[in-house]
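Chemist: My structure is in protein.pdb, and what it holds is PDB, C-alpha atoms:
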ATOM      1  CA  GLN A   1      77.130 101.701  93.012  1.00  0.00           C
ATOM      2  CA  ARG A   2      79.130 101.217  96.199  1.00  0.00           C
ATOM      3  CA  SER A   3      79.968 103.867  98.774  1.00  0.00           C
ATOM      4  CA  GLU A   4      82.984 103.878 101.107  1.00  0.00           C
ATOM      5  CA  THR A   5      84.021 106.443 103.694  1.00  0.00           C
ATOM      6  CA  LEU A   6      87.292 108.052 102.683  1.00  0.00           C
ATOM      7  CA  CYS A   7      89.948 107.808 105.397  1.00  0.00           C
ATOM      8  CA  GLU A   8      92.897 107.450 103.061  1.00  0.00           C
ATOM      9  CA  LEU A   9      93.244 107.597  99.322  1.00  0.00           C
ATOM     10  CA  ARG A  10      95.149 104.705  97.752  1.00  0.00           C
ATOM     11  CA  VAL A  11      96.901 105.623  94.526  1.00  0.00           C
ATOM     12  CA  ARG A  12      98.020 102.662  92.430  1.00  0.00           C
ATOM     13  CA  LEU A  13     101.203 103.480  90.550  1.00  0.00           C
ATOM     14  CA  ARG A  14     101.191 102.226  86.998  1.00  0.00           C
ATOM     15  CA  GLY A  15     103.905  99.737  86.212  1.00  0.00           C
ATOM     16  CA  ARG A  16     105.676 100.015  82.907  1.00  0.00           C
ATOM     17  CA  PRO A  17     108.337  97.586  81.709  1.00  0.00           C
ATOM     18  CA  GLY A  18     111.718  99.230  81.335  1.00  0.00           C
ATOM     19  CA  ARG A  19     110.921 102.206  83.592  1.00  0.00           C
ATOM     20  CA  SER A  20     114.145 103.176  85.309  1.00  0.00           C
ATOM     21  CA  ALA A  21     114.356 103.664  89.069  1.00  0.00           C
ATOM     22  CA  GLY A  22     115.602 107.226  88.402  1.00  0.00           C
ATOM     23  CA  GLU A  23     112.510 108.186  86.389  1.00  0.00           C
ATOM     24  CA  VAL A  24     110.093 110.559  88.123  1.00  0.00           C
ATOM     25  CA  THR A  25     106.312 110.359  87.820  1.00  0.00           C
ATOM     26  CA  ALA A  26     103.877 113.030  89.039  1.00  0.00           C
ATOM     27  CA  LEU A  27     101.356 112.136  91.742  1.00  0.00           C
ATOM     28  CA  GLU A  28      98.666 114.129  89.911  1.00  0.00           C
ATOM     29  CA  GLY A  29      98.924 111.916  86.800  1.00  0.00           C
ATOM     30  CA  GLU A  30      98.838 108.702  88.802  1.00  0.00           C
ATOM     31  CA  LEU A  31      95.846 109.984  90.789  1.00  0.00           C
ATOM     32  CA  ALA A  32      93.967 110.978  87.613  1.00  0.00           C
ATOM     33  CA  ALA A  33      94.577 107.526  86.101  1.00  0.00           C
ATOM     34  CA  GLY A  34      92.838 105.973  89.106  1.00  0.00           C
ATOM     35  CA  PHE A  35      89.705 107.988  88.345  1.00  0.00           C
ATOM     36  CA  ASP A  36      89.617 107.192  84.602  1.00  0.00           C
ATOM     37  CA  THR A  37      86.538 105.361  83.320  1.00  0.00           C
ATOM     38  CA  GLU A  38      87.244 101.678  82.672  1.00  0.00           C
ATOM     39  CA  GLN A  39      85.287  99.922  79.938  1.00  0.00           C
ATOM     40  CA  LEU A  40      84.259  96.413  80.948  1.00  0.00           C
ATOM     41  CA  THR A  41      84.105  94.438  77.708  1.00  0.00           C
ATOM     42  CA  GLY A  42      85.024  90.995  76.400  1.00  0.00           C
ATOM     43  CA  ASP A  43      86.378  88.700  79.113  1.00  0.00           C
ATOM     44  CA  ASN A  44      86.258  91.629  81.547  1.00  0.00           C
ATOM     45  CA  ARG A  45      82.443  92.121  81.376  1.00  0.00           C
ATOM     46  CA  TYR A  46      80.368  92.861  84.471  1.00  0.00           C
ATOM     47  CA  ALA A  47      78.295  89.988  85.931  1.00  0.00           C
ATOM     48  CA  CYS A  48      74.735  91.330  86.223  1.00  0.00           C
ATOM     49  CA  GLN A  49      73.366  90.809  89.753  1.00  0.00           C
ATOM     50  CA  VAL A  50      69.819  90.395  88.405  1.00  0.00           C
ATOM     51  CA  CYS A  51      70.193  87.943  85.514  1.00  0.00           C
ATOM     52  CA  GLY A  52      73.752  86.682  86.135  1.00  0.00           C
ATOM     53  CA  SER A  53      74.818  87.123  82.519  1.00  0.00           C
ATOM     54  CA  PRO A  54      77.947  89.065  81.501  1.00  0.00           C
ATOM     55  CA  GLN A  55      77.164  92.662  80.494  1.00  0.00           C
ATOM     56  CA  GLU A  56      79.315  95.403  79.012  1.00  0.00           C
ATOM     57  CA  ALA A  57      79.585  98.385  81.331  1.00  0.00           C
ATOM     58  CA  ASN A  58      81.624 101.405  82.313  1.00  0.00           C
ATOM     59  CA  CYS A  59      83.227 101.432  85.757  1.00  0.00           C
ATOM     60  CA  ARG A  60      84.325 104.697  87.330  1.00  0.00           C
ATOM     61  CA  ASN A  61      85.468 105.922  90.719  1.00  0.00           C
ATOM     62  CA  ALA A  62      84.400 109.334  91.984  1.00  0.00           C
ATOM     63  CA  LEU A  63      84.511 111.154  95.291  1.00  0.00           C
ATOM     64  CA  GLN A  64      81.232 112.075  96.988  1.00  0.00           C
ATOM     65  CA  ALA A  65      83.010 114.168  99.616  1.00  0.00           C
ATOM     66  CA  VAL A  66      86.513 115.004 100.820  1.00  0.00           C
ATOM     67  CA  PRO A  67      87.904 114.625 104.342  1.00  0.00           C
ATOM     68  CA  PRO A  68      89.289 117.503 106.406  1.00  0.00           C
ATOM     69  CA  LEU A  69      92.758 115.884 106.221  1.00  0.00           C
ATOM     70  CA  LEU A  70      93.940 113.794 103.294  1.00  0.00           C
ATOM     71  CA  HIS A  71      96.266 110.812 103.728  1.00  0.00           C
ATOM     72  CA  ILE A  72      97.554 109.351 100.446  1.00  0.00           C
ATOM     73  CA  VAL A  73      99.075 105.865 100.265  1.00  0.00           C
ATOM     74  CA  LEU A  74     101.007 104.838  97.160  1.00  0.00           C
ATOM     75  CA  ASP A  75     100.477 101.261  96.013  1.00  0.00           C
ATOM     76  CA  ARG A  76     103.879 100.506  94.495  1.00  0.00           C
ATOM     77  CA  PHE A  77     103.327  96.848  93.661  1.00  0.00           C
ATOM     78  CA  HIS A  78     102.273  95.288  90.378  1.00  0.00           C
ATOM     79  CA  TRP A  79     101.903  91.802  88.996  1.00  0.00           C
ATOM     80  CA  ASP A  80     104.535  90.853  86.452  1.00  0.00           C
ATOM     81  CA  GLY A  81     102.864  88.327  84.144  1.00  0.00           C
ATOM     82  CA  CYS A  82     106.180  87.289  82.577  1.00  0.00           C
ATOM     83  CA  SER A  83     107.847  86.288  85.839  1.00  0.00           C
ATOM     84  CA  GLY A  84     104.651  85.373  87.709  1.00  0.00           C
ATOM     85  CA  GLU A  85     105.702  87.556  90.652  1.00  0.00           C
ATOM     86  CA  HIS A  86     104.679  90.707  92.454  1.00  0.00           C
ATOM     87  CA  LYS A  87     107.274  93.400  91.888  1.00  0.00           C
ATOM     88  CA  LYS A  88     107.829  96.740  93.554  1.00  0.00           C
ATOM     89  CA  LEU A  89     107.849  99.892  91.444  1.00  0.00           C
ATOM     90  CA  CYS A  90     110.861 101.840  92.687  1.00  0.00           C
ATOM     91  CA  HIS A  91     110.682 104.965  90.530  1.00  0.00           C
ATOM     92  CA  LYS A  92     110.440 108.364  92.196  1.00  0.00           C
ATOM     93  CA  VAL A  93     107.176 110.257  92.631  1.00  0.00           C
ATOM     94  CA  SER A  94     106.907 114.047  92.669  1.00  0.00           C
ATOM     95  CA  TYR A  95     104.373 115.638  95.009  1.00  0.00           C
ATOM     96  CA  PRO A  96     102.704 119.004  94.438  1.00  0.00           C
ATOM     97  CA  GLU A  97     102.717 121.620  97.200  1.00  0.00           C
ATOM     98  CA  THR A  98      98.924 121.876  96.702  1.00  0.00           C
ATOM     99  CA  LEU A  99      96.617 119.117  95.451  1.00  0.00           C
ATOM    100  CA  ASP A 100      93.091 119.880  94.211  1.00  0.00           C
ATOM    101  CA  LEU A 101      90.590 117.002  94.296  1.00  0.00           C
ATOM    102  CA  ALA A 102      87.795 118.965  92.583  1.00  0.00           C
ATOM    103  CA  PRO A 103      88.260 117.151  89.219  1.00  0.00           C
ATOM    104  CA  PHE A 104      87.586 113.818  90.950  1.00  0.00           C
ATOM    105  CA  LEU A 105      84.316 114.788  92.645  1.00  0.00           C
ATOM    106  CA  ASP A 106      81.120 113.157  91.406  1.00  0.00           C
ATOM    107  CA  ARG A 107      78.649 115.492  89.696  1.00  0.00           C
ATOM    108  CA  THR A 108      76.086 114.614  92.376  1.00  0.00           C
ATOM    109  CA  ALA A 109      78.435 115.299  95.319  1.00  0.00           C
ATOM    110  CA  LYS A 110      76.936 117.279  98.148  1.00  0.00           C
ATOM    111  CA  GLU A 111      78.204 120.788  98.772  1.00  0.00           C
ATOM    112  CA  VAL A 112      81.959 120.555  99.291  1.00  0.00           C
ATOM    113  CA  HIS A 113      83.763 123.547 100.732  1.00  0.00           C
ATOM    114  CA  ALA A 114      87.447 122.654 100.510  1.00  0.00           C
ATOM    115  CA  THR A 115      88.948 120.513  97.771  1.00  0.00           C
ATOM    116  CA  LYS A 116      92.519 121.826  97.942  1.00  0.00           C
ATOM    117  CA  PHE A 117      95.060 120.208 100.230  1.00  0.00           C
ATOM    118  CA  GLU A 118      98.454 121.564 101.246  1.00  0.00           C
ATOM    119  CA  LEU A 119     101.351 119.118 101.478  1.00  0.00           C
ATOM    120  CA  ILE A 120     102.480 118.674 105.080  1.00  0.00           C
ATOM    121  CA  GLY A 121     104.916 115.777 104.761  1.00  0.00           C
ATOM    122  CA  VAL A 122     106.040 112.692 102.864  1.00  0.00           C
ATOM    123  CA  LEU A 123     107.052 109.401 104.454  1.00  0.00           C
ATOM    124  CA  GLU A 124     109.026 107.042 102.215  1.00  0.00           C
ATOM    125  CA  HIS A 125     109.809 103.406 102.939  1.00  0.00           C
ATOM    126  CA  HIS A 126     112.993 102.339 101.158  1.00  0.00           C
ATOM    127  CA  SER A 127     112.943  98.681 100.180  1.00  0.00           C
ATOM    128  CA  ARG A 128     113.310  97.006  96.810  1.00  0.00           C
ATOM    129  CA  SER A 129     111.402  93.893  97.872  1.00  0.00           C
ATOM    130  CA  ALA A 130     107.728  93.237  97.162  1.00  0.00           C
ATOM    131  CA  ASP A 131     107.579  90.980 100.242  1.00  0.00           C
TER     132      ASP A 131
END
Mind turning the file's structure into structure tokens?

Modeler:
Amino acid sequence: QRSETLCELRVRLRGRPGRSAGEVTALEGELAAGFDTEQLTGDNRYACQVCGSPQEANCRNALQAVPPLLHIVLDRFHWDGCSGEHKKLCHKVSYPETLDLAPFLDRTAKEVHATKFELIGVLEHHSRSAD
């Protein structure tokens, strides 16, 4: 288990071949995908820090607390295995007027008073390059 202080929340957009630049994806779905449990099996097993051998495990992110102000950064880049390049995902993202982080809190999180955040603004950088 590793703990990090939350200053900004990075949301990795999921790349999908053939997704058009005009397609719209919802921030809530992309955020939820980042908190899904990942099964570490096969070649992706966890290296045990005690014995050093590969072990199957479940890896999951969860929030222990929420900040008073939430800054979300979209990670729009993905690795394209076919071309061997980083590519930028240029599809549009829809943002809710209110975002509730309660579903992403760990069961053991300390008392949290406010989990809902009101959208104040969106800053978009327009570039098609991954450089």

Chemist: For the point (106.2, 107.4, 90.4) in the file's frame, write as a list in words all residues with an atom no more than 9 Å away, counting only C-alpha atoms.

Modeler: Leu13, Arg14, Glu23, Val24, Thr25, Ala26, Leu27, Glu30, Leu74, Arg76, Leu89, Cys90, His91, Lys92, Val93 and Ser94 of chain A

Chemist: With C-alpha atoms kept, could you save the residues just selected as a PDB file, in the frame of the given file?

Modeler:
ATOM      1  CA  LEU A  13     101.203 103.480  90.550  1.00  0.00           C
ATOM      2  CA  ARG A  14     101.191 102.226  86.998  1.00  0.00           C
ATOM      3  CA  GLU A  23     112.510 108.186  86.389  1.00  0.00           C
ATOM      4  CA  VAL A  24     110.093 110.559  88.123  1.00  0.00           C
ATOM      5  CA  THR A  25     106.312 110.359  87.820  1.00  0.00           C
ATOM      6  CA  ALA A  26     103.877 113.030  89.039  1.00  0.00           C
ATOM      7  CA  LEU A  27     101.356 112.136  91.742  1.00  0.00           C
ATOM      8  CA  GLU A  30      98.838 108.702  88.802  1.00  0.00           C
ATOM      9  CA  LEU A  74     101.007 104.838  97.160  1.00  0.00           C
ATOM     10  CA  ARG A  76     103.879 100.506  94.495  1.00  0.00           C
ATOM     11  CA  LEU A  89     107.849  99.892  91.444  1.00  0.00           C
ATOM     12  CA  CYS A  90     110.861 101.840  92.687  1.00  0.00           C
ATOM     13  CA  HIS A  91     110.682 104.965  90.530  1.00  0.00           C
ATOM     14  CA  LYS A  92     110.440 108.364  92.196  1.00  0.00           C
ATOM     15  CA  VAL A  93     107.176 110.257  92.631  1.00  0.00           C
ATOM     16  CA  SER A  94     106.907 114.047  92.669  1.00  0.00           C
TER      17      SER A  94
END

Chemist: When you look at A:Ile72 with a cut-off of 6 Å (counting all atoms listed in the file), what residues show up, excluding the ones that are within fewer than 2 positions of it in the same chain? I need them as a PyMOL selection string.

Modeler: chain A and resi 8-10

Chemist: May I have the residues within 10 Å of A:His113 as an MDAnalysis selection string, using all atoms listed in the file and disregarding those fewer than 5 positions away in the same chain?

Modeler: chainID A and resid 65:66 68

Chemist: Would you mind exporting the chosen residues as a PDB file, in the frame of the given file, restricted to C-alpha atoms?

Modeler:
ATOM      1  CA  ALA A  65      83.010 114.168  99.616  1.00  0.00           C
ATOM      2  CA  VAL A  66      86.513 115.004 100.820  1.00  0.00           C
ATOM      3  CA  PRO A  68      89.289 117.503 106.406  1.00  0.00           C
TER       4      PRO A  68
END

Chemist: What does the PyMOL selection byres ((chain A and resi 99) around 10) select in this file, as a list in words?

Modeler: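 Given this file, the PyMOL selection byres ((chain A and resi 99) around 10) evaluates to Leu27, Glu28, Leu70, Tyr95, Pro96, Glu97, Thr98, Asp100, Leu101, Ala102, Thr115, Lys116, Phe117, Glu118 and Leu119 of chain A.
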
Chemist: Please identify all polymer residues within 8 Å of A:Glu38, counting all atoms listed in the file, omitting same-chain residues fewer than 4 positions from it, and present them as number ranges by chain.

Modeler: A: 58-60

Chemist: Could you pull the residues within 7 Å of A:Lys87, counting all atoms listed in the file, minus those fewer than 5 positions along the same chain, as a PyMOL selection string?

Modeler: chain A and resi 77-80+130

Chemist: State, in Å with one decimal place, the distance from atom CA of A:Asn61 to atom CA of A:Leu40.

Modeler: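 That distance, rounded to one decimal, is 13.7 Å.
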
Chemist: Would you compute the distance between atom CA of A:Leu63 and atom CA of A:Cys7? Give it in Å to one decimal.

Modeler: 12.0 Å

Chemist: Just how far from atom CA of A:Val122 is atom CA of A:Thr37, in Å to one decimal?

Modeler: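 According to the coordinates, atom CA of A:Thr37 and atom CA of A:Val122 are separated by 28.6 Å.
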
Chemist: Determine the nearest neighbour of A:His71 from the options A:Gly121, A:Gly42, A:Gly34, A:Gly52, counting only C-alpha atoms.

Modeler: A:Gly121

Chemist: List the spatial neighbours of A:Glu56 as a list in words - criterion: any atom at most 7 Å away, all atoms listed in the file, same-chain residues fewer than 2 positions off excluded.

Modeler: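 The residues satisfying every condition are Leu40, Thr41, Arg45, Tyr46 and Pro54 of chain A.
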
Chemist: Any chance you could work out the residue set of the PyMOL selection byres ((chain A and resi 105) around 6) here, as a count of residues only?

Modeler: 7

Chemist: I'd like the box whose edges run along x, y and z of the file and which contains every listed atom of stretch 20-32 of chain A, padded by 5 Å per side; could you state its centre and edge lengths in Å, one decimal, as AutoDock Vina command-line options?

Modeler:
--center_x 104.8 --center_y 108.7 --center_z 88.5 --size_x 31.6 --size_y 21.0 --size_z 16.4

Chemist: Measuring between all atoms listed in the file, which one of A:Asp75, A:Ala33, A:Glu124, A:Thr108 shows the shortest distance to A:Lys88?

Modeler: A:Asp75
